[in-house]
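Worksheet: one structure, shown below.
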Amino acid sequence: MPLITLQEALSQAVGERYAVGSFNVTNHDFVEAVMAAAEERNVPVIISVAEVHLRYLNLEHFIPYVKQRISHSPVPAVLHLDHGTKKETLVQALHYGFSSLMFDGSMLSLEENTRQTREIVEMAHMAGVSVEAELGHVSGGEGNFEGGSRADTSLYTDPSQAEAFVRDTGVDALAVAIGTVHGPYLDEPDLDLARLEAIRERTAVPLVLHGGSGLSDRDFREAIARGINKVNFYTDSALKAVEAVQERLRQSSALTYPDLAGAARSEIRANTLRQIELFGTKPLPGPGEE
Ligand code: 13P
């Protein structure tokens, strides 16, 4: 199917209270595993490429393959840039045909985040591309597995600022800070669900939960029931893939690299499938079905 925008992927999610999974991909095995999981459930999926992961892949070579893979799939998919902090990366993503961009100005002042997000929205919308932005700040380094992080309550999203930010920027989706972190958690996650409800009441756009790895099934269900429509997920699959490779090596030493890559791929696929089921993702209605 052709690429769809983030706005299209999430068009039913707010009203029907479900979430679509956004899975970071860092190589071919991730793409194949995530697409296979979405195809098994026949639901839309968000293939996410993070700016910090550009050290693992070359956009010029990788993106044509991802687009080709999606176009041959029976499920609709978004090609999304995750945590774009540099204008240069955002422009590059537009050039390579991403259908959605996240501009991350979450460490800027409110005024500067609003101003720069509005600029990116204007540029992206002219190209028919969706924009997600972040208000407040979700701690933890994406792609950094050492140690772990704890959420900083002073950086949680303020509901009245969220209302103004969405109105003033024209973003298509808003990432909120309500107690999650990227990568491993130092403490048990403790989501501020009352804050999420307050943000939901004041904004109509889809809300995004970053740092999905490490949350319990219950955390996901409660967050989705209160207004989360996109869940970002990566670390857990990246770590479980290593465990699957180690397990395979324990079973046999007469293996080649493709055997190990296959073990990683099937683990990522099974883990992604589990998340998709938990998020309650539904197929998009066909033309004339709404
Ligand atoms: P995790 O790696 O903690 O699942 O978070 C992914 C994410 O939020 C990507 O933006």
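To be explicit about the labels: the chains of the structure tokens are called A, B, and onward in the order shown, and within each one the residues are counted from 1, while ligands get numbers from 1 in the order they are shown.
Shell of Leu260 of chain A at 9 Å, with only C-alpha atoms counted and residues fewer than 5 places along the chain excluded, is A:Ala244, A:Val245, A:Gln246, A:Arg248, A:Leu249, A:Leu255, A:Arg265.
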Problem set entry | All residues 10 Å or closer to Ala175 of chain A, only C-alpha atoms, same chain fewer than 4 positions away omitted, as a ChimeraX atom specification | /A:102,104,106,132-138,157,162,206-210,228,230-232
Store the residues picked out above, limited to N, CA, C and O atoms, as a PDB file, in the first residue's frame.
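What landed in out.pdb:
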ATOM      1  N   MET A 102       8.740  13.958  13.400  1.00  0.00           N
ATOM      2  CA  MET A 102       8.649  14.487  14.755  1.00  0.00           C
ATOM      3  C   MET A 102       9.715  15.549  14.890  1.00  0.00           C
ATOM      4  O   MET A 102      10.907  15.270  14.691  1.00  0.00           O
ATOM      5  N   ASP A 104      11.512  17.586  17.670  1.00  0.00           N
ATOM      6  CA  ASP A 104      11.673  17.550  19.124  1.00  0.00           C
ATOM      7  C   ASP A 104      12.351  18.825  19.613  1.00  0.00           C
ATOM      8  O   ASP A 104      13.573  18.943  19.596  1.00  0.00           O
ATOM      9  N   SER A 106      11.707  19.804  22.717  1.00  0.00           N
ATOM     10  CA  SER A 106      11.270  19.687  24.118  1.00  0.00           C
ATOM     11  C   SER A 106      12.272  20.254  25.116  1.00  0.00           C
ATOM     12  O   SER A 106      11.928  20.469  26.270  1.00  0.00           O
ATOM     13  N   GLU A 132       4.604  15.644  14.438  1.00  0.00           N
ATOM     14  CA  GLU A 132       4.420  15.413  15.873  1.00  0.00           C
ATOM     15  C   GLU A 132       5.432  16.298  16.587  1.00  0.00           C
ATOM     16  O   GLU A 132       6.550  16.466  16.097  1.00  0.00           O
ATOM     17  N   ALA A 133       5.033  16.872  17.726  1.00  0.00           N
ATOM     18  CA  ALA A 133       5.988  17.645  18.521  1.00  0.00           C
ATOM     19  C   ALA A 133       5.880  17.205  19.971  1.00  0.00           C
ATOM     20  O   ALA A 133       4.947  16.486  20.343  1.00  0.00           O
ATOM     21  N   GLU A 134       6.841  17.629  20.773  1.00  0.00           N
ATOM     22  CA  GLU A 134       6.845  17.221  22.191  1.00  0.00           C
ATOM     23  C   GLU A 134       6.814  18.451  23.070  1.00  0.00           C
ATOM     24  O   GLU A 134       7.570  19.394  22.859  1.00  0.00           O
ATOM     25  N   LEU A 135       5.949  18.403  24.071  1.00  0.00           N
ATOM     26  CA  LEU A 135       5.883  19.494  25.041  1.00  0.00           C
ATOM     27  C   LEU A 135       6.069  18.898  26.415  1.00  0.00           C
ATOM     28  O   LEU A 135       5.429  17.906  26.762  1.00  0.00           O
ATOM     29  N   GLY A 136       6.915  19.566  27.262  1.00  0.00           N
ATOM     30  CA  GLY A 136       7.430  18.887  28.437  1.00  0.00           C
ATOM     31  C   GLY A 136       8.580  18.048  27.899  1.00  0.00           C
ATOM     32  O   GLY A 136       8.913  18.149  26.706  1.00  0.00           O
ATOM     33  N   HIS A 137       9.185  17.224  28.728  1.00  0.00           N
ATOM     34  CA  HIS A 137      10.322  16.448  28.206  1.00  0.00           C
ATOM     35  C   HIS A 137      10.339  15.037  28.783  1.00  0.00           C
ATOM     36  O   HIS A 137      10.276  14.853  30.006  1.00  0.00           O
ATOM     37  N   VAL A 138      10.398  14.056  27.871  1.00  0.00           N
ATOM     38  CA  VAL A 138      10.521  12.651  28.296  1.00  0.00           C
ATOM     39  C   VAL A 138      12.015  12.361  28.443  1.00  0.00           C
ATOM     40  O   VAL A 138      12.767  12.447  27.471  1.00  0.00           O
ATOM     41  N   THR A 157       4.349  17.495  31.127  1.00  0.00           N
ATOM     42  CA  THR A 157       3.576  18.410  30.278  1.00  0.00           C
ATOM     43  C   THR A 157       2.502  19.128  31.092  1.00  0.00           C
ATOM     44  O   THR A 157       1.749  18.494  31.844  1.00  0.00           O
ATOM     45  N   ALA A 162      -0.293  22.793  26.945  1.00  0.00           N
ATOM     46  CA  ALA A 162      -0.526  21.865  25.821  1.00  0.00           C
ATOM     47  C   ALA A 162      -1.631  22.408  24.924  1.00  0.00           C
ATOM     48  O   ALA A 162      -1.522  22.382  23.687  1.00  0.00           O
ATOM     49  N   PRO A 206      -4.266  13.608  18.418  1.00  0.00           N
ATOM     50  CA  PRO A 206      -3.777  12.356  19.004  1.00  0.00           C
ATOM     51  C   PRO A 206      -2.602  12.624  19.957  1.00  0.00           C
ATOM     52  O   PRO A 206      -1.744  13.465  19.677  1.00  0.00           O
ATOM     53  N   LEU A 207      -2.581  11.907  21.075  1.00  0.00           N
ATOM     54  CA  LEU A 207      -1.497  12.065  22.065  1.00  0.00           C
ATOM     55  C   LEU A 207      -0.554  10.870  21.975  1.00  0.00           C
ATOM     56  O   LEU A 207      -0.985   9.735  21.724  1.00  0.00           O
ATOM     57  N   VAL A 208       0.726  11.168  22.187  1.00  0.00           N
ATOM     58  CA  VAL A 208       1.772  10.161  21.960  1.00  0.00           C
ATOM     59  C   VAL A 208       2.511   9.852  23.255  1.00  0.00           C
ATOM     60  O   VAL A 208       2.904  10.764  23.984  1.00  0.00           O
ATOM     61  N   LEU A 209       2.712   8.551  23.502  1.00  0.00           N
ATOM     62  CA  LEU A 209       3.470   8.106  24.666  1.00  0.00           C
ATOM     63  C   LEU A 209       4.824   7.583  24.194  1.00  0.00           C
ATOM     64  O   LEU A 209       4.885   6.563  23.501  1.00  0.00           O
ATOM     65  N   HIS A 210       5.878   8.278  24.591  1.00  0.00           N
ATOM     66  CA  HIS A 210       7.235   7.794  24.285  1.00  0.00           C
ATOM     67  C   HIS A 210       7.695   6.890  25.416  1.00  0.00           C
ATOM     68  O   HIS A 210       7.135   6.924  26.511  1.00  0.00           O
ATOM     69  N   ILE A 228      -4.145   8.126  25.099  1.00  0.00           N
ATOM     70  CA  ILE A 228      -2.936   7.909  24.274  1.00  0.00           C
ATOM     71  C   ILE A 228      -3.336   7.188  22.978  1.00  0.00           C
ATOM     72  O   ILE A 228      -4.074   6.200  23.015  1.00  0.00           O
ATOM     73  N   LYS A 230      -0.803   6.896  20.203  1.00  0.00           N
ATOM     74  CA  LYS A 230       0.409   6.392  19.517  1.00  0.00           C
ATOM     75  C   LYS A 230       1.377   6.021  20.618  1.00  0.00           C
ATOM     76  O   LYS A 230       1.597   6.820  21.542  1.00  0.00           O
ATOM     77  N   VAL A 231       1.932   4.816  20.532  1.00  0.00           N
ATOM     78  CA  VAL A 231       2.902   4.389  21.546  1.00  0.00           C
ATOM     79  C   VAL A 231       4.230   4.107  20.840  1.00  0.00           C
ATOM     80  O   VAL A 231       4.272   3.353  19.862  1.00  0.00           O
ATOM     81  N   ASN A 232       5.302   4.728  21.349  1.00  0.00           N
ATOM     82  CA  ASN A 232       6.639   4.499  20.783  1.00  0.00           C
ATOM     83  C   ASN A 232       7.325   3.376  21.552  1.00  0.00           C
ATOM     84  O   ASN A 232       7.362   3.395  22.792  1.00  0.00           O
TER      85      ASN A 232
END
Exercise. Do you know which residues are within 9 Å of ligand 1 using only C-alpha atoms and all ligand atoms? Can you write them as a ChimeraX atom specification?
Worked result: /A:22-24,48-50,82-83,138,140-145,180-185,209-215,231-238
For this session: Check the DSSP output for the backbone and give back, as number ranges by chain, the residues of segment 87-228 of chain A in strand (DSSP E or B).
Result: A: 100-103, 130-135, 139, 149, 173-176, 181, 185, 207-209, 228
Problem set entry | Spatial neighbours of Phe98 of chain A, 8 Å, only C-alpha atoms, chain gap at least 6 places, as a ChimeraX atom specification | /A:78-81,129
For this session: To one decimal in Å, tell me the separation between atom CA of Pro189 of chain A and atom CA of Pro159 of chain A.
Result: 20.4 Å
Problem set entry | Residue contacts of segment 11-18 of chain A (7 Å, only C-alpha atoms) excluding same-chain residues fewer than 5 positions away, as a PyMOL selection string | chain A and resi 206+224-225+227+229+279-281
Take the residues from that selection and put them in a file with N, CA, C and O atoms, as an mmCIF file, in the first residue's frame.
data_model
loop_
_atom_site.group_PDB
_atom_site.id
_atom_site.type_symbol
_atom_site.label_atom_id
_atom_site.label_comp_id
_atom_site.auth_asym_id
_atom_site.auth_seq_id
_atom_site.Cartn_x
_atom_site.Cartn_y
_atom_site.Cartn_z
ATOM 1 N N PRO A 206 -4.266 13.608 18.418
ATOM 2 C CA PRO A 206 -3.777 12.356 19.004
ATOM 3 C C PRO A 206 -2.602 12.624 19.957
ATOM 4 O O PRO A 206 -1.744 13.465 19.677
ATOM 5 N N ILE A 224 -4.038 4.278 27.370
ATOM 6 C CA ILE A 224 -4.823 4.312 26.123
ATOM 7 C C ILE A 224 -6.281 4.668 26.438
ATOM 8 O O ILE A 224 -6.898 5.474 25.736
ATOM 9 N N ALA A 225 -6.808 4.157 27.525
ATOM 10 C CA ALA A 225 -8.198 4.486 27.904
ATOM 11 C C ALA A 225 -8.339 5.974 28.191
ATOM 12 O O ALA A 225 -9.409 6.549 28.038
ATOM 13 N N GLY A 227 -6.532 8.394 26.675
ATOM 14 C CA GLY A 227 -6.268 9.311 25.552
ATOM 15 C C GLY A 227 -4.982 9.126 24.776
ATOM 16 O O GLY A 227 -4.722 9.908 23.858
ATOM 17 N N ASN A 229 -2.821 7.692 21.849
ATOM 18 C CA ASN A 229 -3.185 7.128 20.535
ATOM 19 C C ASN A 229 -2.001 6.615 19.724
ATOM 20 O O ASN A 229 -2.183 6.034 18.651
ATOM 21 N N PHE A 279 -2.223 -2.750 22.296
ATOM 22 C CA PHE A 279 -2.632 -1.374 21.988
ATOM 23 C C PHE A 279 -4.041 -1.318 21.385
ATOM 24 O O PHE A 279 -4.601 -0.251 21.207
ATOM 25 N N GLY A 280 -4.593 -2.486 21.039
ATOM 26 C CA GLY A 280 -5.955 -2.523 20.491
ATOM 27 C C GLY A 280 -6.056 -1.911 19.104
ATOM 28 O O GLY A 280 -7.145 -1.476 18.688
ATOM 29 N N THR A 281 -4.947 -1.864 18.370
ATOM 30 C CA THR A 281 -4.950 -1.222 17.036
ATOM 31 C C THR A 281 -5.991 -1.868 16.125
ATOM 32 O O THR A 281 -6.102 -3.097 16.086
#
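Closest to Ala38 of chain A among A:Val25, A:Val121, A:Ile63, A:Ala77 is A:Ala77, based on only C-alpha atoms.
Computed from the coordinates, the atom CA of Asn58 of chain A to atom CA of Ser71 of chain A distance equals 20.0 Å.
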Exercise. Quick one: distance from atom CA of Gly21 of chain A to atom CA of Arg269 of chain A in Å, one decimal?
Worked result: 12.9 Å
Problem set entry | Near-Lys240 of chain A list (9 Å; only C-alpha atoms; drop same-chain fewer than 6 positions) as a list in words |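 Result of the neighbour search: Ala264, Glu267, Ile268 and Asn271 of chain A.
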For this session: Considering only C-alpha atoms, return as a list in words whatever protein or nucleic-acid residues lie within 7 Å of Ile178 of chain A, sequence-local ones (same chain, fewer than 5 positions apart) excluded.
Result: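 Once the nearby chain positions are removed, what remains is Tyr156, Thr157, Leu191, Asp192, Arg195 and Leu196 of chain A.
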Next, the residues of the selection above should be written as a compact mmCIF listing (two decimals), in the first residue's frame with all heavy atoms.
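Saved file out10.txt follows:
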# COMPACT_ATOMS: atom_id res chain seq x y z
N TYR A 156 7.22 17.45 33.35
CA TYR A 156 5.96 16.89 32.84
C TYR A 156 5.19 17.96 32.04
O TYR A 156 5.33 19.16 32.29
CB TYR A 156 5.08 16.39 34.00
CG TYR A 156 5.53 15.06 34.58
CD1 TYR A 156 6.73 14.46 34.22
CD2 TYR A 156 4.72 14.40 35.50
CE1 TYR A 156 7.12 13.24 34.77
CE2 TYR A 156 5.10 13.18 36.05
CZ TYR A 156 6.31 12.61 35.69
OH TYR A 156 6.68 11.41 36.23
N THR A 157 4.35 17.50 31.13
CA THR A 157 3.58 18.41 30.28
C THR A 157 2.50 19.13 31.09
O THR A 157 1.75 18.49 31.84
CB THR A 157 2.90 17.61 29.15
OG1 THR A 157 3.88 16.79 28.52
CG2 THR A 157 2.25 18.52 28.12
N LEU A 191 2.80 6.37 36.15
CA LEU A 191 2.24 7.34 35.20
C LEU A 191 1.28 8.31 35.88
O LEU A 191 0.47 7.90 36.72
CB LEU A 191 1.52 6.60 34.06
CG LEU A 191 2.35 5.60 33.26
CD1 LEU A 191 1.57 5.10 32.06
CD2 LEU A 191 3.67 6.19 32.82
N ASP A 192 1.36 9.55 35.49
CA ASP A 192 0.46 10.59 36.02
C ASP A 192 -0.79 10.61 35.12
O ASP A 192 -0.90 11.43 34.20
CB ASP A 192 1.20 11.93 36.01
CG ASP A 192 0.42 13.02 36.72
OD1 ASP A 192 -0.79 12.84 36.93
OD2 ASP A 192 1.04 14.06 37.04
N ARG A 195 -3.01 13.78 34.96
CA ARG A 195 -2.46 14.80 34.05
C ARG A 195 -2.81 14.47 32.60
O ARG A 195 -3.19 15.33 31.81
CB ARG A 195 -0.93 14.85 34.24
CG ARG A 195 -0.22 15.88 33.41
CD ARG A 195 1.27 15.85 33.70
NE ARG A 195 1.54 16.18 35.09
CZ ARG A 195 1.79 17.41 35.53
NH1 ARG A 195 1.84 18.43 34.68
NH2 ARG A 195 2.01 17.63 36.80
N LEU A 196 -2.69 13.18 32.26
CA LEU A 196 -3.02 12.76 30.89
C LEU A 196 -4.50 13.08 30.59
O LEU A 196 -4.81 13.61 29.51
CB LEU A 196 -2.75 11.26 30.74
CG LEU A 196 -3.19 10.62 29.42
CD1 LEU A 196 -2.52 11.28 28.22
CD2 LEU A 196 -2.89 9.11 29.44
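Nearest to Phe165 of chain A of all the residues A:Phe220, A:Ser73, A:Ala127, A:Val205 is A:Val205, counting only C-alpha atoms.
Between Arg41 of chain A and the candidates A:Thr272, A:Ser149, A:Gln68, A:Ser109, the tightest atom-to-atom separation, counting only C-alpha atoms, involves A:Thr272.
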Exercise. For Leu54 of chain A, which of A:Leu273, A:Ala93, A:Leu239, A:Ala37 is the closest residue, counting only C-alpha atoms?
Worked result: A:Ala93
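Closest approach to Arg202 of chain A among A:Ala164, A:Ala173, A:Leu284, A:Ala254: A:Ala164, based on only C-alpha atoms.
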Exercise. Which is closest to Glu32 of chain A among A:Met126, A:Met1, A:Ala151, A:Ala261, if we use only C-alpha atoms?
Worked result: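 For Glu32 of chain A, the nearest of the given residues is A:Ala261.
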